[in-house]
>>> print(open('coords-v5.cif').read())   # mmCIF, C-alpha atoms and all ligand atoms
data_my_file
#
loop_
_atom_site.label_atom_id
_atom_site.label_comp_id
_atom_site.auth_asym_id
_atom_site.auth_seq_id
_atom_site.Cartn_x
_atom_site.Cartn_y
_atom_site.Cartn_z
CA MET A 5 -8.04 4.47 18.61
CA ASP A 6 -4.79 6.35 19.13
CA ILE A 7 -4.49 10.04 19.99
CA HIS A 8 -1.69 12.61 19.81
CA GLU A 9 0.80 13.26 22.60
CA TYR A 10 -0.59 16.73 23.36
CA GLN A 11 -4.11 15.29 23.64
CA ALA A 12 -2.93 12.52 25.95
CA LYS A 13 -1.14 15.08 28.10
CA GLU A 14 -4.27 17.16 28.42
CA LEU A 15 -6.34 14.14 29.44
CA LEU A 16 -3.71 12.94 31.90
CA SER A 17 -3.27 16.35 33.46
CA ASN A 18 -7.02 16.37 34.17
CA PHE A 19 -6.31 13.34 36.35
CA GLY A 20 -3.50 15.07 38.20
CA VAL A 21 -0.52 13.90 36.17
CA PRO A 22 1.94 16.83 36.06
CA VAL A 23 3.03 17.89 32.55
CA PRO A 24 5.13 20.81 31.27
CA ARG A 25 3.37 23.94 30.00
CA GLY A 26 2.65 23.59 26.32
CA ASN A 27 0.55 24.56 23.31
CA VAL A 28 -0.27 23.29 19.82
CA ALA A 29 0.93 25.09 16.69
CA TYR A 30 -0.03 24.60 13.06
CA THR A 31 2.33 27.18 11.56
CA PRO A 32 5.85 28.41 12.38
CA ASP A 33 4.43 31.80 13.44
CA GLN A 34 2.04 30.08 15.83
CA ALA A 35 4.95 28.06 17.22
CA VAL A 36 6.82 31.28 18.01
CA TYR A 37 3.68 32.75 19.54
CA CYS A 38 3.24 29.64 21.72
CA ALA A 39 6.86 29.83 22.88
CA ARG A 40 6.43 33.49 23.80
CA GLU A 41 3.26 32.72 25.71
CA ILE A 42 4.89 29.85 27.60
CA GLY A 43 7.78 32.08 28.53
CA GLY A 44 11.34 31.14 29.50
CA ASN A 45 14.19 30.80 27.03
CA ARG A 46 14.27 27.10 26.17
CA TRP A 47 11.51 25.17 24.46
CA VAL A 48 10.97 21.74 23.03
CA LEU A 49 9.24 21.47 19.66
CA LYS A 50 7.62 18.09 19.11
CA ALA A 51 6.14 16.67 15.91
CA GLN A 52 2.64 15.38 16.59
CA ILE A 53 2.21 12.13 14.69
CA HIS A 54 0.84 8.81 15.89
CA SER A 55 4.22 7.18 16.37
CA GLY A 56 6.96 6.65 18.90
CA GLY A 57 10.66 7.02 18.19
CA ARG A 58 10.22 10.66 17.13
CA GLY A 59 13.23 11.77 19.14
CA GLN A 60 15.65 9.55 17.22
CA ALA A 61 14.02 10.53 13.93
CA GLY A 62 14.59 14.25 14.50
CA GLY A 63 11.00 15.02 15.44
CA VAL A 64 11.86 16.45 18.87
CA ARG A 65 13.89 19.69 18.81
CA VAL A 66 15.21 21.65 21.74
CA CYS A 67 15.30 25.36 20.85
CA GLY A 68 17.07 28.22 22.65
CA SER A 69 15.59 31.21 20.84
CA GLU A 70 12.46 32.32 19.02
CA HIS A 71 14.45 32.28 15.82
CA GLU A 72 15.34 28.61 16.39
CA VAL A 73 11.71 27.81 17.15
CA HIS A 74 10.65 29.37 13.84
CA ALA A 75 13.35 27.57 11.89
CA ALA A 76 12.69 24.15 13.45
CA ALA A 77 8.94 24.55 13.00
CA SER A 78 9.39 25.46 9.33
CA GLU A 79 11.48 22.35 8.85
CA LEU A 80 9.10 19.99 10.60
CA LEU A 81 5.68 21.20 9.47
CA GLY A 82 4.70 19.67 6.15
CA ALA A 83 7.60 17.21 6.22
CA ARG A 84 7.22 13.47 6.47
CA LEU A 85 8.81 12.05 9.58
CA VAL A 86 10.16 8.52 9.20
CA THR A 87 10.46 6.67 12.51
CA LYS A 88 11.02 3.03 13.35
CA GLN A 89 7.26 2.66 13.64
CA THR A 90 5.94 4.53 10.59
CA GLY A 91 7.40 2.45 7.77
CA PRO A 92 9.55 4.01 5.01
CA GLN A 93 6.79 6.34 3.79
CA GLY A 94 6.76 8.14 7.13
CA LYS A 95 3.97 10.33 8.45
CA LEU A 96 3.06 13.88 7.50
CA VAL A 97 3.66 16.39 10.32
CA GLN A 98 0.65 18.71 10.49
CA ARG A 99 0.84 19.90 14.09
CA LEU A 100 3.57 20.70 16.53
CA TYR A 101 3.50 20.78 20.28
CA VAL A 102 5.57 23.53 21.85
CA GLU A 103 6.60 22.94 25.44
CA ALA A 104 8.73 24.56 28.07
CA ALA A 105 12.00 22.60 28.10
CA VAL A 106 12.90 21.11 31.44
CA PRO A 107 16.31 20.14 32.82
CA ILE A 108 16.13 16.34 33.07
CA ALA A 109 17.93 14.51 35.88
CA LYS A 110 16.39 11.08 35.33
CA GLU A 111 14.15 9.49 32.69
CA LEU A 112 11.81 6.71 33.85
CA TYR A 113 9.37 4.53 31.96
CA ILE A 114 5.86 3.71 33.09
CA GLY A 115 3.17 1.97 31.05
CA PHE A 116 -0.31 0.62 31.71
CA VAL A 117 -1.52 -2.23 29.54
CA LEU A 118 -4.20 -4.90 29.54
CA ASP A 119 -2.55 -8.21 30.30
CA ARG A 120 -4.70 -10.78 28.55
CA ARG A 121 -3.14 -13.70 30.39
CA SER A 122 -3.94 -12.45 33.90
CA GLU A 123 -7.04 -10.60 32.63
CA ARG A 124 -5.93 -7.58 34.62
CA VAL A 125 -4.60 -4.11 34.08
CA CYS A 126 -0.87 -4.40 34.48
CA VAL A 127 1.68 -1.66 35.16
CA VAL A 128 5.12 -2.03 33.66
CA ALA A 129 7.88 0.32 34.79
CA THR A 130 11.63 0.66 34.55
CA PRO A 131 14.21 3.20 35.70
CA GLU A 132 15.67 3.10 32.18
CA GLY A 133 13.22 5.45 30.49
CA GLY A 134 13.72 7.29 27.25
CA MET A 135 14.31 4.11 25.25
CA GLU A 136 11.51 2.18 23.58
CA ILE A 137 10.08 -0.45 25.91
CA GLU A 138 10.72 -3.22 23.37
CA GLU A 139 14.44 -2.38 23.50
CA ILE A 140 14.48 -2.33 27.29
CA ALA A 141 12.65 -5.65 27.43
CA ALA A 142 15.22 -7.15 25.07
CA GLN A 143 18.36 -5.59 26.60
CA SER A 144 17.66 -5.56 30.31
CA PRO A 145 14.54 -7.55 31.12
CA GLU A 146 15.62 -7.74 34.79
CA SER A 147 15.04 -3.99 35.15
CA LEU A 148 11.32 -4.35 34.37
CA LEU A 149 8.97 -3.91 37.30
CA ARG A 150 5.45 -5.31 37.02
CA VAL A 151 2.41 -4.67 39.16
CA VAL A 152 -0.90 -6.41 38.55
CA ILE A 153 -4.02 -4.53 39.60
CA GLU A 154 -7.01 -6.16 41.23
CA PRO A 155 -10.05 -4.94 39.30
CA ALA A 156 -12.33 -5.02 42.34
CA VAL A 157 -10.28 -2.45 44.28
CA GLY A 158 -8.24 -0.67 41.60
CA MET A 159 -4.67 0.49 42.01
CA GLN A 160 -3.78 1.07 45.64
CA ALA A 161 -1.55 3.85 46.94
CA PHE A 162 0.87 1.32 48.42
CA GLN A 163 1.28 -0.28 44.99
CA ALA A 164 2.13 3.08 43.46
CA ARG A 165 4.60 3.82 46.24
CA GLU A 166 6.24 0.40 45.87
CA LEU A 167 6.59 1.03 42.17
CA CYS A 168 8.18 4.45 42.81
CA PHE A 169 10.64 2.93 45.29
CA GLY A 170 11.51 0.32 42.68
CA LEU A 171 12.17 3.14 40.20
CA GLY A 172 14.63 4.71 42.64
CA ILE A 173 12.56 7.80 43.32
CA GLU A 174 13.75 9.71 46.37
CA ALA A 175 11.63 10.51 49.38
CA ALA A 176 11.27 14.18 48.45
CA GLN A 177 9.67 13.30 45.08
CA LEU A 178 7.62 10.39 46.36
CA PRO A 179 4.29 12.21 46.86
CA ASP A 180 4.40 13.79 43.38
CA ALA A 181 5.51 10.57 41.69
CA THR A 182 2.82 8.54 43.47
CA ARG A 183 0.18 11.06 42.44
CA ALA A 184 1.35 10.84 38.83
CA VAL A 185 1.19 7.05 38.79
CA LEU A 186 -2.25 6.90 40.42
CA GLY A 187 -3.52 9.67 38.13
CA ALA A 188 -2.38 7.79 35.05
CA TYR A 189 -4.10 4.66 36.34
CA ARG A 190 -7.37 6.50 36.92
CA ALA A 191 -7.19 8.01 33.44
CA PHE A 192 -6.66 4.53 32.00
CA ARG A 193 -9.64 3.12 33.87
CA ASP A 194 -12.08 6.02 33.65
CA LEU A 195 -11.51 6.69 29.94
CA ASP A 196 -11.58 3.05 28.75
CA ALA A 197 -8.00 3.13 27.57
CA THR A 198 -6.20 -0.03 26.52
CA MET A 199 -2.76 1.53 26.83
CA VAL A 200 -1.21 4.49 28.64
CA GLU A 201 2.53 5.02 28.28
CA ILE A 202 4.58 7.76 29.90
CA ASN A 203 8.08 7.61 28.47
CA PRO A 204 9.88 9.41 29.84
CA LEU A 205 8.43 10.27 33.20
CA ALA A 206 11.16 12.71 34.15
CA VAL A 207 12.60 13.75 37.47
CA THR A 208 14.00 17.23 36.87
CA VAL A 209 17.19 18.74 38.24
CA ASP A 210 15.07 20.98 40.48
CA GLY A 211 13.18 17.95 41.86
CA ARG A 212 9.91 18.03 39.92
CA VAL A 213 8.23 14.95 38.48
CA LEU A 214 6.82 15.51 34.96
CA ALA A 215 5.38 13.41 32.15
CA LEU A 216 7.49 14.51 29.16
CA ASP A 217 5.85 12.15 26.69
CA ALA A 218 2.48 10.44 26.76
CA LYS A 219 0.77 7.95 24.51
CA MET A 220 -2.76 6.63 24.92
CA THR A 221 -4.79 4.07 23.02
CA PHE A 222 -8.51 3.55 23.57
CA ASP A 223 -10.94 0.70 23.22
CA ASP A 224 -12.88 1.41 20.00
CA ASN A 225 -15.87 -0.45 21.39
CA ALA A 226 -16.13 1.94 24.32
CA LEU A 227 -15.89 5.18 22.33
CA PHE A 228 -19.67 5.48 22.19
CA ARG A 229 -19.67 6.30 25.88
CA ARG A 230 -16.56 8.51 25.81
CA PRO A 231 -17.56 11.43 23.57
CA THR A 232 -14.74 13.62 24.88
CA VAL A 233 -12.24 10.97 23.83
CA ARG A 234 -13.95 10.18 20.54
CA GLU A 235 -13.71 13.78 19.38
CA LEU A 236 -9.92 13.58 19.62
CA ARG A 237 -9.84 11.14 16.70
CA ASP A 238 -7.53 12.34 13.92
CA TYR A 239 -8.63 10.59 10.74
CA THR A 240 -5.61 11.88 8.82
CA GLU A 241 -3.41 9.65 10.98
CA GLU A 242 -5.33 6.52 10.05
CA ASP A 243 -5.34 4.30 6.98
CA PRO A 244 -7.89 6.20 4.82
CA ARG A 245 -9.45 2.89 3.78
CA GLU A 246 -10.03 1.93 7.40
CA ALA A 247 -11.36 5.36 8.34
CA GLU A 248 -13.94 5.22 5.54
CA ALA A 249 -14.97 1.67 6.49
CA SER A 250 -15.51 2.57 10.12
CA LYS A 251 -17.94 5.32 9.01
CA HIS A 252 -20.11 2.57 7.51
CA GLY A 253 -19.75 0.28 10.51
CA LEU A 254 -17.74 -2.23 8.47
CA ASN A 255 -14.93 -4.19 10.05
CA TYR A 256 -12.07 -3.52 7.68
CA VAL A 257 -8.32 -3.94 7.93
CA GLY A 258 -6.18 -2.82 5.00
CA LEU A 259 -3.45 -5.19 3.76
CA ASP A 260 -0.99 -5.18 0.88
CA GLY A 261 -2.26 -7.85 -1.53
CA GLU A 262 -4.25 -7.62 -4.77
CA ILE A 263 -7.40 -9.62 -4.09
CA GLY A 264 -10.09 -7.53 -2.39
CA CYS A 265 -12.31 -9.54 -0.03
CA ILE A 266 -15.97 -9.00 0.86
CA VAL A 267 -17.04 -11.59 3.38
CA ASN A 268 -19.62 -11.97 6.13
CA GLY A 269 -18.33 -13.07 9.51
CA ALA A 270 -14.86 -12.49 10.92
CA GLY A 271 -14.00 -16.20 11.01
CA LEU A 272 -15.03 -16.74 7.40
CA ALA A 273 -13.10 -13.61 6.41
CA MET A 274 -9.93 -15.03 8.00
CA ALA A 275 -10.49 -18.42 6.36
CA THR A 276 -10.97 -16.67 3.02
CA MET A 277 -7.66 -14.85 3.42
CA ASP A 278 -5.95 -18.14 4.24
CA MET A 279 -7.42 -19.80 1.15
CA ILE A 280 -6.26 -16.94 -1.07
CA LYS A 281 -2.74 -17.35 0.27
CA LEU A 282 -2.93 -21.11 -0.19
CA ALA A 283 -3.95 -20.56 -3.81
CA GLY A 284 -0.85 -18.41 -4.28
CA ALA A 285 -1.91 -14.78 -3.93
CA GLU A 286 -2.29 -12.16 -1.20
CA PRO A 287 -5.49 -10.57 0.15
CA ALA A 288 -5.82 -6.79 -0.13
CA ASN A 289 -7.92 -6.55 2.99
CA PHE A 290 -9.88 -8.15 5.74
CA LEU A 291 -13.52 -7.15 5.54
CA ASP A 292 -16.47 -8.42 7.51
CA VAL A 293 -19.75 -6.94 6.28
CA GLY A 294 -21.51 -8.48 9.25
CA GLY A 295 -24.76 -10.38 9.56
CA GLY A 296 -27.88 -9.03 7.88
CA ALA A 297 -25.93 -6.98 5.35
CA SER A 298 -28.33 -4.90 3.28
CA PRO A 299 -27.70 -4.27 -0.43
CA GLU A 300 -26.59 -0.74 0.57
CA ARG A 301 -23.99 -2.12 2.97
CA VAL A 302 -22.65 -4.48 0.33
CA ALA A 303 -22.44 -1.56 -2.09
CA ALA A 304 -20.52 0.48 0.53
CA ALA A 305 -18.17 -2.45 1.03
CA PHE A 306 -17.54 -2.54 -2.73
CA ARG A 307 -16.82 1.16 -2.79
CA ILE A 308 -14.18 0.79 -0.09
CA VAL A 309 -12.57 -2.29 -1.59
CA LEU A 310 -12.52 -0.78 -5.09
CA GLY A 311 -11.19 2.51 -3.76
CA ASP A 312 -7.93 0.67 -3.11
CA PRO A 313 -5.78 0.98 -6.25
CA ARG A 314 -4.00 -2.28 -5.36
CA VAL A 315 -7.15 -4.34 -5.82
CA LYS A 316 -7.14 -6.27 -9.14
CA VAL A 317 -9.85 -8.85 -8.35
CA VAL A 318 -12.74 -8.86 -5.89
CA LEU A 319 -13.74 -12.03 -4.10
CA VAL A 320 -17.20 -12.06 -2.53
CA ASN A 321 -17.69 -14.93 -0.11
CA ILE A 322 -21.00 -15.03 1.72
CA PHE A 323 -22.32 -17.82 3.86
CA ALA A 324 -25.85 -16.67 4.43
CA GLY A 325 -27.53 -17.54 7.67
CA ILE A 326 -29.03 -14.31 8.87
CA ASN A 327 -27.98 -12.82 5.57
CA ARG A 328 -29.91 -13.67 2.43
CA CYS A 329 -28.01 -14.59 -0.72
CA ASP A 330 -30.54 -12.78 -2.92
CA TRP A 331 -29.93 -9.53 -1.04
CA ILE A 332 -26.18 -9.94 -1.29
CA ALA A 333 -26.51 -10.68 -4.99
CA GLN A 334 -28.63 -7.57 -5.43
CA GLY A 335 -25.97 -5.57 -3.63
CA VAL A 336 -23.22 -7.00 -5.82
CA VAL A 337 -25.15 -6.29 -9.02
CA HIS A 338 -26.11 -2.82 -7.84
CA ALA A 339 -22.52 -1.97 -6.90
CA ALA A 340 -21.15 -3.41 -10.15
CA ARG A 341 -23.55 -1.29 -12.22
CA GLU A 342 -23.26 1.88 -10.15
CA GLN A 343 -19.50 1.83 -9.97
CA HIS A 344 -18.82 0.50 -13.49
CA ILE A 345 -16.64 -2.23 -12.08
CA SER A 346 -14.18 -3.30 -14.73
CA ILE A 347 -12.12 -5.80 -12.75
CA PRO A 348 -13.10 -9.46 -12.30
CA ILE A 349 -15.53 -10.32 -9.50
CA VAL A 350 -15.61 -13.85 -8.12
CA ALA A 351 -18.69 -14.62 -6.04
CA ARG A 352 -19.32 -17.62 -3.87
CA LEU A 353 -22.72 -17.67 -2.23
CA ALA A 354 -24.04 -20.40 0.06
CA GLY A 355 -26.94 -20.73 2.49
CA THR A 356 -30.28 -18.95 2.64
CA ASN A 357 -31.88 -18.24 -0.75
CA VAL A 358 -28.77 -19.35 -2.60
CA GLU A 359 -30.62 -20.38 -5.78
CA GLU A 360 -32.29 -17.00 -6.03
CA GLY A 361 -28.96 -15.29 -5.40
CA ARG A 362 -27.24 -17.24 -8.17
CA ARG A 363 -30.09 -16.51 -10.54
CA ILE A 364 -29.76 -12.77 -9.92
CA LEU A 365 -26.03 -12.89 -10.65
CA ARG A 366 -26.53 -15.05 -13.76
CA GLU A 367 -29.27 -12.91 -15.21
CA SER A 368 -27.58 -9.61 -14.45
CA GLY A 369 -25.57 -9.82 -17.63
CA LEU A 370 -22.47 -8.84 -15.68
CA SER A 371 -19.25 -10.78 -15.96
CA ILE A 372 -19.30 -12.25 -12.49
CA ILE A 373 -17.44 -15.52 -11.98
CA THR A 374 -19.40 -17.77 -9.64
CA ALA A 375 -17.91 -20.49 -7.45
CA ASP A 376 -19.37 -23.28 -5.33
CA THR A 377 -16.86 -23.76 -2.54
CA LEU A 378 -14.41 -21.55 -0.74
CA ALA A 379 -11.44 -23.38 -2.26
CA ASP A 380 -12.97 -23.08 -5.72
CA ALA A 381 -13.60 -19.36 -5.17
CA ALA A 382 -10.05 -18.67 -3.98
CA GLN A 383 -8.60 -20.57 -6.95
CA LYS A 384 -10.80 -18.73 -9.43
CA ALA A 385 -9.86 -15.39 -7.87
CA VAL A 386 -6.17 -16.19 -8.15
CA ASP A 387 -6.61 -17.42 -11.75
CA ALA A 388 -8.46 -14.20 -12.57
CA LEU A 389 -5.66 -12.20 -10.96
CA HIS A 390 -3.06 -13.97 -13.07
CA SER A 391 -5.08 -13.36 -16.20
CA VAL A 392 -5.18 -9.65 -15.37
CA THR A 393 -1.55 -9.27 -14.38
CA GLY A 394 -0.13 -11.88 -16.72
CA GLY A 395 1.08 -13.72 -13.62
CA PRO A 396 2.47 -17.27 -13.21
CA ALA A 397 -0.31 -19.29 -14.84
CA ARG A 398 -0.02 -17.62 -18.20
CA LEU A 399 3.77 -17.36 -18.16
CA ASN A 400 4.07 -21.09 -17.58
CA GLY A 401 1.54 -21.72 -20.26
CA ALA A 402 -0.04 -24.20 -17.85
CA VAL A 403 -3.48 -22.62 -18.09
CA PRO A 404 -4.72 -21.91 -21.58
CA GLY A 405 -5.49 -18.24 -22.22
CA ALA A 406 -7.32 -15.81 -20.01
CA PRO A 407 -10.79 -17.04 -19.08
CA THR A 408 -13.59 -15.04 -20.65
CA LEU A 409 -15.30 -13.79 -17.57
CA ALA A 410 -18.84 -13.76 -18.93
CA GLY A 411 -18.44 -17.29 -20.20
CA ALA A 412 -17.27 -18.50 -16.82
CA ALA A 413 -20.39 -17.29 -15.06
CA ARG A 414 -22.84 -19.98 -14.14
P1 LIG A 501 9.50 9.79 21.29
O1 LIG A 501 10.89 9.67 20.75
O2 LIG A 501 8.49 9.78 20.16
O3 LIG A 501 9.19 8.81 22.33
O4 LIG A 501 9.40 11.29 21.91
P2 LIG A 501 9.68 11.83 23.39
O5 LIG A 501 8.66 12.83 23.70
O6 LIG A 501 9.80 10.71 24.37
O7 LIG A 501 11.05 12.58 23.25
C1 LIG A 501 12.28 11.90 23.07
C2 LIG A 501 13.33 12.44 24.00
O8 LIG A 501 13.42 13.85 23.90
C3 LIG A 501 13.04 12.18 25.46
O9 LIG A 501 13.42 10.90 25.88
C4 LIG A 501 13.88 13.27 26.12
O10 LIG A 501 15.21 12.81 26.29
C5 LIG A 501 13.86 14.38 25.11
N1 LIG A 501 12.94 15.43 25.62
C6 LIG A 501 11.59 15.46 25.49
N2 LIG A 501 11.08 16.53 26.15
C7 LIG A 501 12.14 17.18 26.70
C8 LIG A 501 12.30 18.36 27.50
O11 LIG A 501 11.35 19.04 27.87
N3 LIG A 501 13.56 18.71 27.86
C9 LIG A 501 14.64 18.00 27.45
N4 LIG A 501 15.84 18.40 27.81
N5 LIG A 501 14.55 16.89 26.72
C10 LIG A 501 13.31 16.48 26.35
MN MN A 502 8.78 8.81 24.33
#
>>> encode(input="coords-v5.cif", output="structure tokens")
Amino acid sequence: MDIHEYQAKELLSNFGVPVPRGNVAYTPDQAVYCAREIGGNRWVLKAQIHSGGRGQAGGVRVCGSEHEVHAAASELLGARLVTKQTGPQGKLVQRLYVEAAVPIAKELYIGFVLDRRSERVCVVATPEGGMEIEEIAAQSPESLLRVVIEPAVGMQAFQARELCFGLGIEAAQLPDATRAVLGAYRAFRDLDATMVEINPLAVTVDGRVLALDAKMTFDDNALFRRPTVRELRDYTEEDPREAEASKHGLNYVGLDGEIGCIVNGAGLAMATMDMIKLAGAEPANFLDVGGGASPERVAAAFRIVLGDPRVKVVLVNIFAGINRCDWIAQGVVHAAREQHISIPIVARLAGTNVEEGRRILRESGLSIITADTLADAAQKAVDALHSVTGGPARLNGAVPGAPTLAGAAR
């Protein structure tokens, strides 16, 4: 789970990381009010979307008067900001963060990540902050500093100091900088983060050390024990399909293809996606309904898959071990009736109670195409897709006519 910059700054500041004074605004008037409350005569207005690269995209505005604050806020709020990370459709700006502007002398980069190879938390830092880390890694990899943290003892003060020396921080700023680094580490560890990035960590002209930008990502599997983090979730920033799926405890990842997948088991779901591609089409999603999927869960899965306007065919692939094919079949039939499904459904059931499951599908009177093997199912799904879209098979004339779906059911 990702959170907004202003939320990350609040969390980090609770761990002693210094940040500029700031407030959230939802309207231009609020933005002006925030600026007035913060005081001073220069402010930075920052679009709050889950994306980096906002500065280059025009989402970070330095303002020198209340009038400018109002104008910039009016421009940003309600607009879609297109950054390098959002894709061409951009992201809707619904909140702004108003901060006291600070005179920057130096911009540093510091990030905490989980390094899967060393199985440790790893700190990456470079004196060339401001830029995206991917660019720095590509352009000047020699400037990257890395510190690996021993999990048994956590980050040590000497490691933080060494890092600060490496970043060229002067003696006068060393205590503040060290405190910021150690604070960010403790926030990472104590809040079950998987990523903390401060870019830039600024040294100001008057010698202060401040986190000017902050990004945090959290381990979804640990959110149950971090209620204060969990409540920061902003569903409007997420793929609506994925947000809905997570409410039902379904493992769902939205993709761009046209064949919706309902599968049990992550491995089988991946194999199903591969087989669809091999048969010449693209999956619309990854979806693992999990073991012991009740008819209700299957129906919820259908709702989510069918809610995607891209989906032209649904492929159900269940290998029942803990699951029971008859339950899955009941779920499929229930969902098909309840939701008046008009697009082709291909179902491949195998394992526990398979005969009963097939019988339920056959006798339902619904036009469900059944398949015996995964390859067979993927091929039938792709054929059905082509018959709906008038795709390659029909154009070539290689396959005679569109299959009558009811007739194909076995
Ligand atoms: P990002 O582009 O999404 O990573 O957004 P950032 O928050 O990192 O802002 C981009 C750039 O805006 C930073 O690298 C700074 O150069 C500049 N910036 C951000 N906050 C301030 C500030 O308080 N004062 C000044 N002068 N510049 C700032
Ligand atoms: Mn940044």
>>> closest_residue(input="coords-v5.cif", among="A:Gly335, A:Gly395, A:Gly115, A:Gly43", to="A:Thr221", atoms="only C-alpha atoms")
A:Gly115
>>> residues_around(input="coords-v5.cif", residues="stretch 77-83 of chain A", least_positions_apart="6", cutoff="6 Å", atoms="only C-alpha atoms", output="list in words")
Pro32, Leu96, Val97 and Gln98 of chain A
>>> atom_distance(input="coords-v5.cif", atom1="atom CA of A:Val48", atom2="atom CA of A:Leu167")
28.5 Å
>>> atom_distance(input="coords-v5.cif", atom1="atom CA of A:Gln89", atom2="atom MN of ligand MN 502 (chain A)")
12.4 Å
>>> residues_near_point(input="coords-v5.cif", point="(3.0, 13.3, 35.8)", cutoff="9 Å", atoms="only C-alpha atoms", output="list in words")
Lys13, Leu16, Ser17, Gly20, Val21, Pro22, Val23, Asp180, Ala181, Arg183, Ala184, Val185, Gly187, Ala188, Ile202, Leu205, Ala206, Val213, Leu214, Ala215 and Leu216 of chain A
>>> write_last_selection(input="coords-v5.cif", atoms="C-alpha atoms", output="PDB file, in the coordinates of the input")
ATOM      1  CA  LYS A  13      -1.140  15.080  28.100  1.00  0.00           C
ATOM      2  CA  LEU A  16      -3.710  12.940  31.900  1.00  0.00           C
ATOM      3  CA  SER A  17      -3.270  16.350  33.460  1.00  0.00           C
ATOM      4  CA  GLY A  20      -3.500  15.070  38.200  1.00  0.00           C
ATOM      5  CA  VAL A  21      -0.520  13.900  36.170  1.00  0.00           C
ATOM      6  CA  PRO A  22       1.940  16.830  36.060  1.00  0.00           C
ATOM      7  CA  VAL A  23       3.030  17.890  32.550  1.00  0.00           C
ATOM      8  CA  ASP A 180       4.400  13.790  43.380  1.00  0.00           C
ATOM      9  CA  ALA A 181       5.510  10.570  41.690  1.00  0.00           C
ATOM     10  CA  ARG A 183       0.180  11.060  42.440  1.00  0.00           C
ATOM     11  CA  ALA A 184       1.350  10.840  38.830  1.00  0.00           C
ATOM     12  CA  VAL A 185       1.190   7.050  38.790  1.00  0.00           C
ATOM     13  CA  GLY A 187      -3.520   9.670  38.130  1.00  0.00           C
ATOM     14  CA  ALA A 188      -2.380   7.790  35.050  1.00  0.00           C
ATOM     15  CA  ILE A 202       4.580   7.760  29.900  1.00  0.00           C
ATOM     16  CA  LEU A 205       8.430  10.270  33.200  1.00  0.00           C
ATOM     17  CA  ALA A 206      11.160  12.710  34.150  1.00  0.00           C
ATOM     18  CA  VAL A 213       8.230  14.950  38.480  1.00  0.00           C
ATOM     19  CA  LEU A 214       6.820  15.510  34.960  1.00  0.00           C
ATOM     20  CA  ALA A 215       5.380  13.410  32.150  1.00  0.00           C
ATOM     21  CA  LEU A 216       7.490  14.510  29.160  1.00  0.00           C
TER      22      LEU A 216
END
>>> residues_around(input="coords-v5.cif", residues="stretch 49-56 of chain A", least_positions_apart="3", cutoff="7 Å", atoms="only C-alpha atoms", output="list in words")
Asp6, Ile7, His8, Glu9, Gly63, Val64, Arg65, Val66, Leu80, Gln89, Thr90, Lys95, Val97, Arg99, Leu100, Tyr101, Val102, Glu103 and Glu241 of chain A
>>> residues_near_ligand(input="coords-v5.cif", ligand="ligand MN 502 (chain A)", cutoff="7 Å", atoms="all atoms listed in the file", output="list of chain:residue names")
A:Gly56, A:Gly57, A:Gly134, A:Asn203, A:Pro204, A:Asp217, A:Ala218
>>> atom_distance(input="coords-v5.cif", atom1="atom CA of A:Gly258", atom2="atom CA of A:Phe306")
13.7 Å
>>> closest_residue(input="coords-v5.cif", among="A:Val207, A:Ala156, A:Ala29, A:Ala191", to="ligand LIG 501 (chain A)", atoms="all atoms listed in the file")
A:Val207
>>> closest_residue(input="coords-v5.cif", among="A:Leu389, A:Val127, A:Ala141, A:Val200", to="A:Cys168", atoms="all atoms listed in the file")
A:Val127
>>> closest_residue(input="coords-v5.cif", among="A:Asp224, A:His71, A:Thr208, A:Lys316", to="A:Gly394", atoms="all atoms listed in the file")
A:Lys316
>>> decode(input="coords-v5.cif", residues="stretch 11-16 of chain A", atoms="N, CA, C and O atoms", output="mmCIF file, in the first residue's frame")
data_model
loop_
_atom_site.group_PDB
_atom_site.id
_atom_site.type_symbol
_atom_site.label_atom_id
_atom_site.label_comp_id
_atom_site.auth_asym_id
_atom_site.auth_seq_id
_atom_site.Cartn_x
_atom_site.Cartn_y
_atom_site.Cartn_z
ATOM 1 N N GLN A 11 1.108 12.418 4.213
ATOM 2 C CA GLN A 11 0.909 11.382 5.234
ATOM 3 C C GLN A 11 2.255 10.801 5.652
ATOM 4 O O GLN A 11 2.515 10.581 6.841
ATOM 5 N N ALA A 12 3.117 10.564 4.670
ATOM 6 C CA ALA A 12 4.445 10.022 4.962
ATOM 7 C C ALA A 12 5.230 10.998 5.831
ATOM 8 O O ALA A 12 5.931 10.601 6.767
ATOM 9 N N LYS A 13 5.076 12.291 5.524
ATOM 10 C CA LYS A 13 5.809 13.287 6.311
ATOM 11 C C LYS A 13 5.329 13.309 7.758
ATOM 12 O O LYS A 13 6.121 13.463 8.687
ATOM 13 N N GLU A 14 4.017 13.144 7.933
ATOM 14 C CA GLU A 14 3.508 13.137 9.303
ATOM 15 C C GLU A 14 4.031 11.921 10.072
ATOM 16 O O GLU A 14 4.463 12.040 11.216
ATOM 17 N N LEU A 15 4.014 10.764 9.415
ATOM 18 C CA LEU A 15 4.533 9.561 10.074
ATOM 19 C C LEU A 15 6.009 9.728 10.406
ATOM 20 O O LEU A 15 6.451 9.441 11.525
ATOM 21 N N LEU A 16 6.775 10.200 9.419
ATOM 22 C CA LEU A 16 8.222 10.330 9.625
ATOM 23 C C LEU A 16 8.534 11.337 10.720
ATOM 24 O O LEU A 16 9.450 11.129 11.523
#
